[in-house]
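File shown: upload30.txt. Contents: compact mmCIF, C-alpha atoms.
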# COMPACT_ATOMS: atom_id res chain seq x y z
CA MET L 1 -124.43 78.92 -44.87
CA ARG L 2 -125.92 75.92 -46.67
CA LYS L 3 -127.54 78.14 -49.29
CA LYS L 4 -124.28 80.01 -49.78
CA ALA L 5 -122.43 76.72 -50.19
CA GLU L 6 -125.00 75.55 -52.74
CA LEU L 7 -124.66 78.79 -54.65
CA MET L 8 -120.89 78.48 -54.63
CA GLY L 9 -121.18 74.92 -55.90
CA LEU L 10 -123.50 76.02 -58.68
CA ALA L 11 -121.14 78.83 -59.58
CA GLY L 12 -118.24 76.40 -59.74
CA THR L 13 -120.22 74.07 -62.04
CA MET L 14 -121.15 76.96 -64.32
CA ALA L 15 -117.57 78.20 -64.37
CA LEU L 16 -116.31 74.76 -65.35
CA ALA L 17 -118.83 74.58 -68.15
CA LEU L 18 -117.74 77.97 -69.42
CA ALA L 19 -114.09 76.93 -69.26
CA LEU L 20 -114.73 73.78 -71.26
CA CYS L 21 -116.49 75.72 -73.99
CA GLY L 22 -113.98 78.55 -73.87
CA GLY L 23 -112.30 77.50 -77.10
CA MET L 24 -115.55 77.87 -79.05
CA ARG L 25 -116.15 81.34 -77.61
CA MET L 26 -112.59 82.42 -78.44
CA GLU L 27 -113.01 81.12 -81.99
CA ALA L 28 -116.15 83.23 -82.35
CA ALA L 29 -114.23 86.25 -81.10
CA ALA L 30 -111.39 85.57 -83.54
CA GLU L 31 -113.88 85.62 -86.40
CA GLY L 32 -114.71 89.26 -85.66
CA GLU L 33 -116.56 89.57 -82.38
CA GLU L 34 -115.09 92.66 -80.74
CA VAL L 35 -114.40 92.33 -77.04
CA GLY L 36 -113.31 95.18 -74.79
CA LEU L 37 -111.62 94.27 -71.52
CA ILE L 38 -110.72 96.54 -68.63
CA ALA L 39 -107.37 95.95 -66.92
CA ALA L 40 -106.41 97.82 -63.75
CA TRP L 41 -103.15 98.07 -61.81
CA TRP L 42 -100.92 100.42 -59.87
CA GLY L 43 -97.24 101.08 -60.29
CA SER L 44 -94.25 103.04 -61.46
CA GLN L 45 -93.78 104.52 -64.91
CA ASP L 46 -91.51 101.61 -65.77
CA ARG L 47 -94.28 99.15 -64.91
CA ASN L 48 -96.89 101.20 -66.72
CA ASP L 49 -94.80 101.30 -69.89
CA LYS L 50 -94.10 97.58 -69.87
CA PHE L 51 -97.64 96.50 -68.99
CA THR L 52 -99.14 98.84 -71.58
CA LYS L 53 -96.83 97.45 -74.28
CA ALA L 54 -97.74 93.90 -73.28
CA PHE L 55 -101.48 94.58 -73.57
CA ASP L 56 -100.91 96.38 -76.89
CA THR L 57 -99.03 93.34 -78.14
CA TYR L 58 -101.91 91.07 -77.20
CA THR L 59 -104.24 93.28 -79.22
CA GLU L 60 -101.85 93.17 -82.18
CA ASN L 61 -102.06 89.37 -82.06
CA ASN L 62 -105.83 89.40 -81.38
CA PRO L 63 -107.22 92.54 -83.10
CA ASN L 64 -110.73 91.92 -81.83
CA ILE L 65 -109.56 92.09 -78.18
CA THR L 66 -108.94 95.63 -76.95
CA PHE L 67 -108.17 96.99 -73.51
CA GLU L 68 -109.16 99.97 -71.43
CA LEU L 69 -106.30 100.49 -69.00
CA GLN L 70 -106.98 101.91 -65.55
CA ILE L 71 -103.62 102.93 -64.08
CA ASN L 72 -103.28 104.53 -60.66
CA THR L 73 -101.03 104.94 -57.67
CA PHE L 74 -101.42 102.16 -55.11
CA SER L 75 -103.82 104.05 -52.83
CA ASP L 76 -105.88 105.40 -55.72
CA HIS L 77 -106.04 101.92 -57.24
CA LEU L 78 -107.50 100.52 -54.02
CA THR L 79 -110.01 103.37 -53.81
CA ALA L 80 -111.12 102.91 -57.42
CA LEU L 81 -111.35 99.14 -57.04
CA SER L 82 -113.45 99.44 -53.90
CA ALA L 83 -115.82 101.84 -55.65
CA SER L 84 -116.14 99.60 -58.70
CA ALA L 85 -116.86 96.58 -56.47
CA ALA L 86 -119.64 98.50 -54.75
CA SER L 87 -121.20 99.38 -58.11
CA ASN L 88 -120.63 95.93 -59.67
CA THR L 89 -118.35 97.39 -62.35
CA MET L 90 -115.05 95.81 -61.38
CA PRO L 91 -112.34 95.60 -64.06
CA ASP L 92 -112.20 92.31 -65.92
CA LEU L 93 -108.55 91.97 -64.87
CA ALA L 94 -107.25 93.69 -61.75
CA MET L 95 -104.09 93.45 -59.70
CA LEU L 96 -104.31 92.98 -55.94
CA GLN L 97 -101.96 92.23 -53.09
CA THR L 98 -102.62 89.05 -51.13
CA ALA L 99 -103.65 91.00 -48.02
CA TYR L 100 -106.65 92.40 -49.90
CA LEU L 101 -107.87 89.19 -51.56
CA LYS L 102 -110.22 88.05 -48.84
CA THR L 103 -112.06 91.36 -48.69
CA TYR L 104 -113.16 90.80 -52.27
CA THR L 105 -113.71 87.04 -52.07
CA ASP L 106 -115.93 87.50 -49.02
CA ALA L 107 -118.02 89.89 -51.10
CA GLU L 108 -118.02 87.32 -53.95
CA LYS L 109 -116.47 89.80 -56.36
CA LEU L 110 -113.60 87.62 -57.64
CA LEU L 111 -113.73 84.58 -59.89
CA ASP L 112 -112.56 81.24 -58.52
CA LEU L 113 -109.97 80.23 -61.11
CA THR L 114 -109.83 76.58 -60.02
CA PRO L 115 -112.11 75.22 -62.79
CA TYR L 116 -110.05 76.98 -65.45
CA ILE L 117 -106.84 75.58 -64.01
CA GLU L 118 -108.33 72.11 -63.91
CA SER L 119 -109.55 72.37 -67.52
CA GLY L 120 -106.18 73.64 -68.75
CA ALA L 121 -107.58 76.95 -69.99
CA LEU L 122 -105.29 78.50 -67.38
CA ASP L 123 -102.12 76.42 -67.58
CA MET L 124 -100.36 76.27 -64.21
CA SER L 125 -98.29 73.15 -64.96
CA ASN L 126 -95.00 75.04 -64.57
CA VAL L 127 -96.04 76.96 -61.46
CA ASP L 128 -94.96 75.54 -58.09
CA GLU L 129 -97.75 74.55 -55.73
CA ASN L 130 -96.46 76.92 -53.05
CA VAL L 131 -96.58 79.81 -55.51
CA LEU L 132 -100.06 78.85 -56.69
CA ALA L 133 -101.20 78.62 -53.07
CA THR L 134 -100.37 82.29 -52.48
CA GLY L 135 -103.56 83.14 -54.36
CA LYS L 136 -105.71 80.67 -52.46
CA VAL L 137 -108.58 81.70 -50.20
CA GLY L 138 -110.47 78.84 -48.58
CA GLU L 139 -110.75 76.10 -51.18
CA GLY L 140 -110.57 78.41 -54.20
CA ILE L 141 -107.76 80.09 -56.12
CA TYR L 142 -108.62 83.71 -56.80
CA GLY L 143 -105.29 85.27 -57.75
CA ILE L 144 -102.36 84.23 -59.93
CA SER L 145 -99.00 85.69 -58.99
CA ALA L 146 -97.84 88.39 -61.40
CA GLY L 147 -94.36 88.04 -59.92
CA ASN L 148 -92.70 86.83 -56.75
CA ASN L 149 -90.56 89.09 -54.61
CA ALA L 150 -89.55 89.77 -51.04
CA ALA L 151 -89.48 92.72 -48.69
CA SER L 152 -86.23 94.67 -48.86
CA ILE L 153 -84.33 97.82 -47.97
CA ILE L 154 -83.28 99.56 -51.17
CA TYR L 155 -80.26 101.76 -50.54
CA ASN L 156 -77.78 104.19 -52.11
CA LYS L 157 -74.74 101.96 -52.56
CA THR L 158 -72.69 104.76 -54.06
CA LEU L 159 -73.17 107.03 -51.04
CA LEU L 160 -72.14 104.33 -48.59
CA GLU L 161 -69.10 103.17 -50.56
CA GLU L 162 -67.85 106.75 -50.95
CA ASN L 163 -67.96 107.14 -47.18
CA GLY L 164 -66.56 103.74 -46.24
CA ILE L 165 -69.81 102.51 -44.67
CA GLU L 166 -70.76 98.84 -44.87
CA VAL L 167 -74.19 97.28 -44.67
CA LYS L 168 -75.09 93.61 -44.80
CA ASN L 169 -77.99 91.24 -45.14
CA LEU L 170 -79.67 89.66 -42.12
CA MET L 171 -79.04 92.60 -39.77
CA ASN L 172 -81.07 92.84 -36.59
CA MET L 173 -82.68 96.11 -35.50
CA GLU L 174 -79.82 97.09 -33.20
CA GLU L 175 -77.28 96.69 -36.02
CA PHE L 176 -79.52 98.67 -38.35
CA VAL L 177 -79.76 101.56 -35.89
CA GLY L 178 -75.97 101.58 -35.67
CA VAL L 179 -75.71 101.94 -39.45
CA CYS L 180 -78.30 104.74 -39.47
CA GLN L 181 -76.33 106.62 -36.80
CA GLU L 182 -73.03 106.18 -38.65
CA ILE L 183 -74.44 107.38 -41.96
CA TYR L 184 -75.97 110.46 -40.34
CA GLU L 185 -72.75 111.31 -38.50
CA LYS L 186 -70.57 110.98 -41.61
CA THR L 187 -72.87 112.42 -44.30
CA GLY L 188 -75.81 114.24 -42.71
CA VAL L 189 -78.11 111.94 -44.74
CA ARG L 190 -81.07 110.56 -42.86
CA THR L 191 -83.02 107.29 -42.85
CA GLN L 192 -86.50 106.72 -44.24
CA ILE L 193 -88.38 103.88 -42.58
CA ASP L 194 -91.47 102.78 -44.44
CA ASN L 195 -93.41 99.65 -45.42
CA ILE L 196 -94.41 99.70 -41.76
CA SER L 197 -96.71 96.69 -41.90
CA THR L 198 -93.76 94.52 -43.00
CA TRP L 199 -91.72 95.47 -39.92
CA LEU L 200 -94.69 94.64 -37.67
CA GLU L 201 -95.38 91.44 -39.58
CA PHE L 202 -91.78 90.26 -39.21
CA ILE L 203 -91.89 91.01 -35.48
CA SER L 204 -95.09 88.96 -35.19
CA ARG L 205 -93.66 86.04 -37.16
CA ALA L 206 -90.48 86.06 -35.06
CA ASN L 207 -92.73 85.67 -32.02
CA GLY L 208 -94.45 82.61 -33.48
CA THR L 209 -97.59 84.13 -34.99
CA GLY L 210 -98.67 85.90 -38.13
CA LEU L 211 -99.55 89.57 -38.06
CA PHE L 212 -103.11 88.26 -38.33
CA GLU L 213 -104.57 85.12 -36.80
CA GLY L 214 -108.19 84.63 -37.80
CA ASN L 215 -110.24 87.68 -36.87
CA ALA L 216 -107.58 89.23 -34.65
CA LEU L 217 -103.95 90.23 -34.55
CA GLY L 218 -101.65 87.30 -33.96
CA ALA L 219 -99.73 89.01 -31.13
CA GLY L 220 -100.87 88.18 -27.64
CA ASP L 221 -100.19 91.69 -26.35
CA ALA L 222 -98.90 95.08 -27.46
CA GLU L 223 -95.45 94.72 -25.91
CA ILE L 224 -93.86 92.93 -28.86
CA PHE L 225 -94.38 96.05 -31.02
CA VAL L 226 -92.82 98.50 -28.56
CA PRO L 227 -89.16 98.01 -29.69
CA PHE L 228 -90.02 98.97 -33.26
CA PHE L 229 -91.70 102.20 -32.21
CA GLU L 230 -88.84 102.87 -29.78
CA MET L 231 -86.50 102.75 -32.76
CA ILE L 232 -88.57 105.46 -34.42
CA GLU L 233 -88.49 107.55 -31.26
CA THR L 234 -84.71 107.19 -31.10
CA GLY L 235 -84.28 108.19 -34.73
CA ARG L 236 -86.40 111.30 -34.30
CA GLU L 237 -84.63 112.36 -31.09
CA GLU L 238 -81.14 111.71 -32.47
CA GLY L 239 -81.90 113.33 -35.82
CA TRP L 240 -81.15 110.43 -38.15
CA LEU L 241 -84.82 109.76 -39.00
CA LEU L 242 -85.97 111.63 -42.11
CA ASP L 243 -88.49 114.34 -41.28
CA GLN L 244 -91.96 112.88 -41.64
CA GLY L 245 -93.18 115.98 -43.44
CA ILE L 246 -90.77 115.20 -46.28
CA VAL L 247 -91.90 111.58 -46.40
CA THR L 248 -95.56 112.60 -46.53
CA ALA L 249 -94.95 115.23 -49.20
CA ASN L 250 -93.08 112.75 -51.40
CA GLY L 251 -95.99 110.31 -51.36
CA THR L 252 -95.83 106.62 -52.23
CA ALA L 253 -94.61 106.60 -55.86
CA VAL L 254 -91.21 104.91 -56.02
CA GLU L 255 -89.76 107.62 -58.25
CA GLU L 256 -90.55 110.25 -55.63
CA GLN L 257 -88.77 108.63 -52.70
CA ALA L 258 -86.03 110.55 -50.90
CA VAL L 259 -83.43 107.90 -51.75
CA VAL L 260 -83.61 109.04 -55.39
CA LYS L 261 -85.32 112.46 -55.27
CA TYR L 262 -83.66 115.05 -53.04
CA THR L 263 -82.11 118.51 -53.07
CA SER L 264 -79.86 118.35 -50.01
CA ALA L 265 -78.69 116.06 -47.22
CA GLU L 266 -81.67 117.25 -45.18
CA THR L 267 -84.13 116.04 -47.82
CA GLN L 268 -82.27 112.85 -48.73
CA SER L 269 -82.53 109.34 -47.36
CA TRP L 270 -79.89 106.66 -47.81
CA CYS L 271 -82.59 103.99 -48.06
CA SER L 272 -86.24 103.18 -48.54
CA GLY L 273 -88.23 100.09 -47.64
CA PHE L 274 -89.89 98.64 -50.73
CA ASN L 275 -90.38 95.19 -52.18
CA SER L 276 -87.46 93.87 -54.20
CA ASN L 277 -89.12 94.16 -57.61
CA GLN L 278 -89.50 97.92 -57.17
CA MET L 279 -85.76 98.54 -57.28
CA VAL L 280 -85.79 98.57 -61.08
CA ALA L 281 -88.04 101.63 -61.23
CA MET L 282 -86.15 103.26 -58.37
CA GLN L 283 -82.80 102.77 -60.10
CA ALA L 284 -84.26 104.25 -63.30
CA ALA L 285 -85.26 107.34 -61.30
CA ALA L 286 -81.92 107.66 -59.47
CA PRO L 287 -79.57 110.57 -60.26
CA GLU L 288 -76.83 109.85 -62.77
CA GLY L 289 -73.90 108.09 -61.13
CA VAL L 290 -75.92 106.70 -58.22
CA GLU L 291 -76.03 102.91 -57.95
CA LEU L 292 -78.67 101.30 -55.79
CA ASP L 293 -78.61 97.89 -54.14
CA LEU L 294 -80.82 96.02 -51.71
CA ILE L 295 -80.57 94.21 -48.38
CA THR L 296 -82.99 92.44 -46.08
CA VAL L 297 -85.33 94.21 -43.69
CA PRO L 298 -83.76 94.05 -40.22
CA CYS L 299 -85.28 91.53 -37.83
CA ASP L 300 -84.20 89.30 -34.97
CA ASP L 301 -85.10 85.93 -36.53
CA PRO L 302 -84.80 85.94 -40.35
CA SER L 303 -85.54 82.25 -40.89
CA THR L 304 -88.88 82.65 -39.14
CA SER L 305 -89.77 86.15 -40.33
CA TYR L 306 -88.76 86.12 -44.00
CA TYR L 307 -90.80 84.58 -46.79
CA VAL L 308 -91.19 84.91 -50.54
CA ARG L 309 -94.39 86.70 -51.44
CA GLN L 310 -96.46 87.63 -54.41
CA ALA L 311 -95.52 91.10 -55.52
CA MET L 312 -99.14 91.18 -56.54
CA CYS L 313 -101.56 88.86 -58.27
CA TRP L 314 -103.90 89.12 -61.22
CA THR L 315 -107.56 88.52 -60.48
CA ILE L 316 -110.63 88.25 -62.70
CA ALA L 317 -113.95 89.79 -61.74
CA ALA L 318 -116.69 87.29 -61.00
CA GLY L 319 -119.11 89.61 -62.79
CA SER L 320 -117.05 89.97 -65.96
CA GLU L 321 -119.03 89.57 -69.17
CA HIS L 322 -115.95 88.19 -70.91
CA ILE L 323 -114.53 85.61 -68.54
CA ASP L 324 -113.15 83.27 -71.20
CA GLU L 325 -111.32 86.10 -72.92
CA ALA L 326 -109.92 87.38 -69.61
CA VAL L 327 -108.69 83.88 -68.74
CA ALA L 328 -107.00 83.63 -72.14
CA VAL L 329 -105.21 86.94 -71.55
CA LEU L 330 -104.04 85.80 -68.10
CA ASN L 331 -102.85 82.48 -69.50
CA TRP L 332 -100.79 84.37 -72.13
CA TRP L 333 -99.39 86.70 -69.49
CA ILE L 334 -98.18 83.88 -67.25
CA ASN L 335 -96.99 81.39 -69.87
CA SER L 336 -95.92 83.35 -72.94
CA GLU L 337 -92.28 84.10 -73.73
CA GLU L 338 -93.55 86.95 -75.90
CA ALA L 339 -95.31 88.63 -72.99
CA ASN L 340 -92.49 88.11 -70.54
CA ALA L 341 -89.83 89.37 -72.94
CA ILE L 342 -91.71 92.68 -72.62
CA ILE L 343 -92.49 92.55 -68.89
CA MET L 344 -88.93 91.39 -68.07
CA GLY L 345 -89.67 90.44 -64.47
CA GLU L 346 -90.73 93.96 -63.47
CA PRO L 347 -93.32 92.74 -60.92
CA GLY L 348 -90.86 90.15 -59.60
CA VAL L 349 -89.68 86.65 -60.45
CA PRO L 350 -92.25 85.11 -62.86
CA ALA L 351 -94.54 82.46 -61.38
CA ASN L 352 -93.86 80.07 -64.27
CA ASN L 353 -90.53 78.34 -63.58
CA GLU L 354 -89.63 77.92 -67.25
CA ILE L 355 -90.49 81.55 -67.99
CA ALA L 356 -88.41 82.66 -64.99
CA ALA L 357 -85.39 80.83 -66.42
CA TYR L 358 -86.06 82.30 -69.86
CA VAL L 359 -86.25 85.85 -68.49
CA ALA L 360 -83.19 85.44 -66.27
CA ASP L 361 -80.97 85.06 -69.34
CA MET L 362 -82.05 88.48 -70.63
CA LEU L 363 -81.97 90.56 -67.47
CA ASP L 364 -80.19 93.85 -67.07
CA GLU L 365 -77.86 94.25 -64.09
CA THR L 366 -80.44 95.93 -61.84
CA THR L 367 -83.19 93.36 -62.40
CA ALA L 368 -80.64 90.57 -61.99
CA LYS L 369 -79.85 91.96 -58.53
CA THR L 370 -83.50 91.56 -57.53
CA PHE L 371 -83.71 88.01 -58.87
CA ASN L 372 -80.49 87.03 -57.07
CA TYR L 373 -81.65 88.70 -53.87
CA VAL L 374 -84.79 86.56 -53.80
CA ALA L 375 -83.05 83.34 -54.86
CA ASP L 376 -79.76 83.60 -52.96
CA VAL L 377 -80.60 85.60 -49.84
CA VAL L 378 -84.28 85.38 -48.96
CA ILE L 379 -85.23 81.85 -49.97
CA PRO L 380 -82.40 80.17 -47.99
CA ASN L 381 -83.38 82.22 -44.93
CA SER L 382 -87.16 82.02 -45.02
CA SER L 383 -90.22 79.99 -44.14
CA ALA L 384 -93.73 79.60 -45.55
CA GLY L 385 -95.83 82.73 -45.85
CA ASP L 386 -99.05 83.30 -43.94
CA PRO L 387 -102.46 82.60 -45.49
CA PRO L 388 -104.52 85.55 -46.76
CA ALA L 389 -105.82 87.67 -43.91
CA GLU L 390 -109.46 87.93 -42.96
CA ALA L 391 -111.58 90.97 -43.76
CA GLY L 392 -110.45 94.05 -41.88
CA ALA L 393 -106.75 93.55 -42.61
CA SER L 394 -106.55 96.47 -45.02
CA GLN L 395 -107.82 98.85 -42.33
CA VAL L 396 -105.21 97.49 -39.93
CA LEU L 397 -102.45 98.10 -42.47
CA ASP L 398 -103.63 101.70 -42.77
CA LEU L 399 -103.65 101.94 -38.97
CA ALA L 400 -100.01 100.79 -38.85
CA ASN L 401 -99.03 103.76 -41.00
CA GLU L 402 -101.11 106.17 -38.94
CA VAL L 403 -99.61 105.27 -35.57
CA TYR L 404 -96.13 105.23 -37.07
CA GLU L 405 -96.60 108.79 -38.31
CA LYS L 406 -97.73 109.92 -34.87
CA VAL L 407 -94.51 108.60 -33.36
CA ALA L 408 -92.43 110.09 -36.17
CA TYR L 409 -94.04 113.48 -35.58
CA GLY L 410 -93.50 113.18 -31.82
CA GLU L 411 -97.24 113.11 -31.13
CA MET L 412 -97.24 109.68 -29.47
CA THR L 413 -94.82 107.59 -27.44
CA ALA L 414 -93.69 104.12 -28.45
CA GLU L 415 -95.80 102.52 -25.72
CA GLU L 416 -98.87 104.50 -26.75
CA ALA L 417 -98.38 103.60 -30.41
CA ALA L 418 -97.99 99.89 -29.69
CA ALA L 419 -101.09 99.93 -27.49
CA GLU L 420 -103.17 101.83 -30.05
CA PHE L 421 -102.12 99.52 -32.87
CA PHE L 422 -102.85 96.42 -30.80
CA GLU L 423 -106.19 97.55 -29.39
CA GLN L 424 -107.61 99.28 -32.45
CA GLY L 425 -106.27 96.60 -34.75
CA ASN L 426 -108.10 93.87 -32.87
CA THR L 427 -111.25 95.98 -32.79
CA MET L 428 -111.10 96.52 -36.56
CA MET L 429 -110.71 92.81 -37.22
CA ALA L 430 -113.55 91.93 -34.84
CA ASN L 431 -115.85 94.54 -36.36
CA ALA L 432 -115.12 93.31 -39.88
CA ALA L 433 -116.05 89.79 -38.83
CA SER L 434 -119.35 90.76 -37.21
Structure re-expressed in structure tokens:
Amino acid sequence: MRKKAELMGLAGTMALALALCGGMRMEAAAEGEEVGLIAAWWGSQDRNDKFTKAFDTYTENNPNITFELQINTFSDHLTALSASAASNTMPDLAMLQTAYLKTYTDAEKLLDLTPYIESGALDMSNVDENVLATGKVGEGIYGISAGNNAASIIYNKTLLEENGIEVKNLMNMEEFVGVCQEIYEKTGVRTQIDNISTWLEFISRANGTGLFEGNALGAGDAEIFVPFFEMIETGREEGWLLDQGIVTANGTAVEEQAVVKYTSAETQSWCSGFNSNQMVAMQAAAPEGVELDLITVPCDDPSTSYYVRQAMCWTIAAGSEHIDEAVAVLNWWINSEEANAIIMGEPGVPANNEIAAYVADMLDETTAKTFNYVADVVIPNSSAGDPPAEAGASQVLDLANEVYEKVAYGEMTAEEAAAEFFEQGNTMMANAAS
């Protein structure tokens, strides 16, 4: 441990030295040194188009800086990133969700950005401390928020209004089930329940713990998860839960979700659980004449369960050969009006407060809904988020989806699912720590 601490201290000193001489290196690059950076992310076509244009614009301004873009679905992005970490070929710039940060910091694959923030090379002067802290692991800052958002239920507002059905924010699970039943009875349209880890996380937070506490699940026993899986059982038995085969076939891309892609009432869902920033892409994919809106994820104690989160954060590889250039790109991305006039809040509310205000004045109606949802609904009914989870969390999140599917297919009871998630989840966390 002492040697590791010494190495980390040496690395920090070297990083600070590099940051302080970053201007000289960038000047050399501007004089003709060609630098190729790799940037990797996941997302919708809308995100891909905006991010690609932003990186192209940076190259137009800095012709010697070019980018290789690695764009994948979420699961494929994680697979590719894991493989590149194992082979020491991680992208210079890569997006991650907070839950996955610690896996890579434990393996010393991500750059601690603290020295660059302290030197001013990465200007965080207009970023709130709470937002900056979302990328903190231990004493270092390893990720800078690409946009802040909140968990949500994105729904077909047109369908519900045409059938005289009302939904509201801050529903509990019982109220939500009542809405699902009413919609199915009146329209034959079913409910898709996804983003499973968020439901389980909110249940944990309502019971006074995080989903993760150190190298274990925060819950003291499996019983707190039973009501959620009972809801899934009820939906399957009563018919209002969308057939899991359809959900699986549609995959995880937002444009492919049954709330916007369907051929009949049997293949349609009135809602889908995604983070608030993803409604823009979903609205773009919706059939003509269909208006989407968003409400909060049902839970019994919103003020304890809800929190504002990073949609994702940008990280820089510790092994990058062009750290100064990558830092300069990230600084432009966070602080530049030029960049954010292109990105237009697609990943969520910008981390930079002044940039967020600048973007808000230019938003289209759909994106404005997501900004207002975070500012007017979630923030007044939320508390601080949990710190990044320990290693093993990503496997537990996968497990949450697996046991959910077993219940949705009728292969497992609610009690069995809760027990399997609790027992295997704790085992996964313990094994990752050993």
Could the residues of region 57-173 of chain L that have an atom at most 10 Å from region 290-296 of chain L be listed as a tab-separated table, each with its closest atom pair and the distance in Å to one decimal, counting all atoms listed in the file and ordered by chain and ascending residue number?
residue	atom	partner	partner_atom	distance
L:Ala150	CA	L:Thr296	CA	8.6
L:Ala151	CA	L:Thr296	CA	7.0
L:Ser152	CA	L:Thr296	CA	4.8
L:Ile153	CA	L:Ile295	CA	5.2
L:Ile154	CA	L:Leu294	CA	4.3
L:Tyr155	CA	L:Leu292	CA	5.5
L:Asn156	CA	L:Leu292	CA	4.8
L:Lys157	CA	L:Leu292	CA	5.1
L:Thr158	CA	L:Glu291	CA	5.5
L:Leu159	CA	L:Val290	CA	7.7
L:Val167	CA	L:Ile295	CA	8.0
L:Lys168	CA	L:Ile295	CA	6.6
L:Asn169	CA	L:Ile295	CA	5.1
L:Leu170	CA	L:Thr296	CA	5.9
L:Met171	CA	L:Thr296	CA	7.4
L:Asn172	CA	L:Thr296	CA	9.7
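Residue nearest Phe422 (chain L) within the list L:Glu223, L:Glu346, L:Glu230, L:Glu321: L:Glu223 [criterion: smallest interatomic distance, all atoms listed in the file].
The spacing separating CA of Leu37 (chain L) from CA of Phe67 (chain L) amounts to 4.8 Å.
In terms of minimum interatomic distance to Glu175 (chain L), L:Asp300 ranks closest within L:Asn148, L:Thr263, L:Asn331, L:Asp300, counting all atoms listed in the file.
Using all atoms listed in the file, the contacts of Met95 (chain L) at a cut-off of 10 Å, with sequence neighbours closer than 6 positions omitted, comprise Ala39, Ala40, Trp41, Trp42, His77, Leu78, Leu81, Leu101, Gly143, Ile144, Ser145, Ala146, Ala311, Met312, Cys313, Trp314, Thr315 and Ile316 of chain L.
For the pair CA of Pro91 (chain L) and CA of Ser276 (chain L), the interatomic distance is 26.8 Å.
The smallest atom-to-atom distance between Pro347 (chain L) and any of L:Gln45, L:Gln278, L:Thr134, L:Thr248, using only C-alpha atoms, is found for L:Gln278.
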Of the listed residues L:Leu132, L:Leu111, L:Ile193, L:Val35, that which approaches Pro350 (chain L) most closely, counting only C-alpha atoms: L:Leu132
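The gap separating CA of Tyr100 (chain L) from CA of Pro388 (chain L) is 7.8 Å, in Å to one decimal.
Shell of Glu411 (chain L) at 12 Å, with all atoms listed in the file counted and residues fewer than 4 places along the chain excluded, is Glu233, Arg236, Gln244, Glu402, Val403, Tyr404, Glu405, Lys406, Val407, Glu415, Glu416 and Ala417 of chain L.
The residue that comes closest to Lys186 (chain L), out of L:Phe371, L:Trp270, L:Tyr116, L:Tyr262 and on the basis of all atoms listed in the file, is L:Trp270.
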Region 205-214 of chain L environment, 12 Å, all atoms listed in the file, sequence neighbours closer than 6 positions dropped, as a PyMOL selection string: chain L and resi 99+102+172+196-199+220-225+298-307+382-394+396-397+400+421-422+425-426+428-430+432-433
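Among L:Glu201, L:Glu325, L:Glu338, L:Asp398, the residue with the shortest atom-to-atom distance to Asp92 (chain L), counting all atoms listed in the file, is L:Glu325.
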Within 6 Å of Gly348 (chain L) using only C-alpha atoms, minus same-chain residues under 5 positions, as a list of chain:residue names: L:Gly147, L:Asn148, L:Asn149, L:Asn277
Around all of region 349-353 of chain L's listed atoms, make the axis-aligned box with 8 Å on each side and tell me centre and edge lengths in Å to one decimal, as JSON.
{"center_x": -92.1, "center_y": 82.5, "center_z": -62.4, "size_x": 20.9, "size_y": 24.3, "size_z": 19.8}
Residues near Ser87 (chain L), cut-off 12 Å, only C-alpha atoms, skip fewer than 6 positions along chain, as a list in words: Ala80, Leu81, Lys109 and Gly319 of chain L
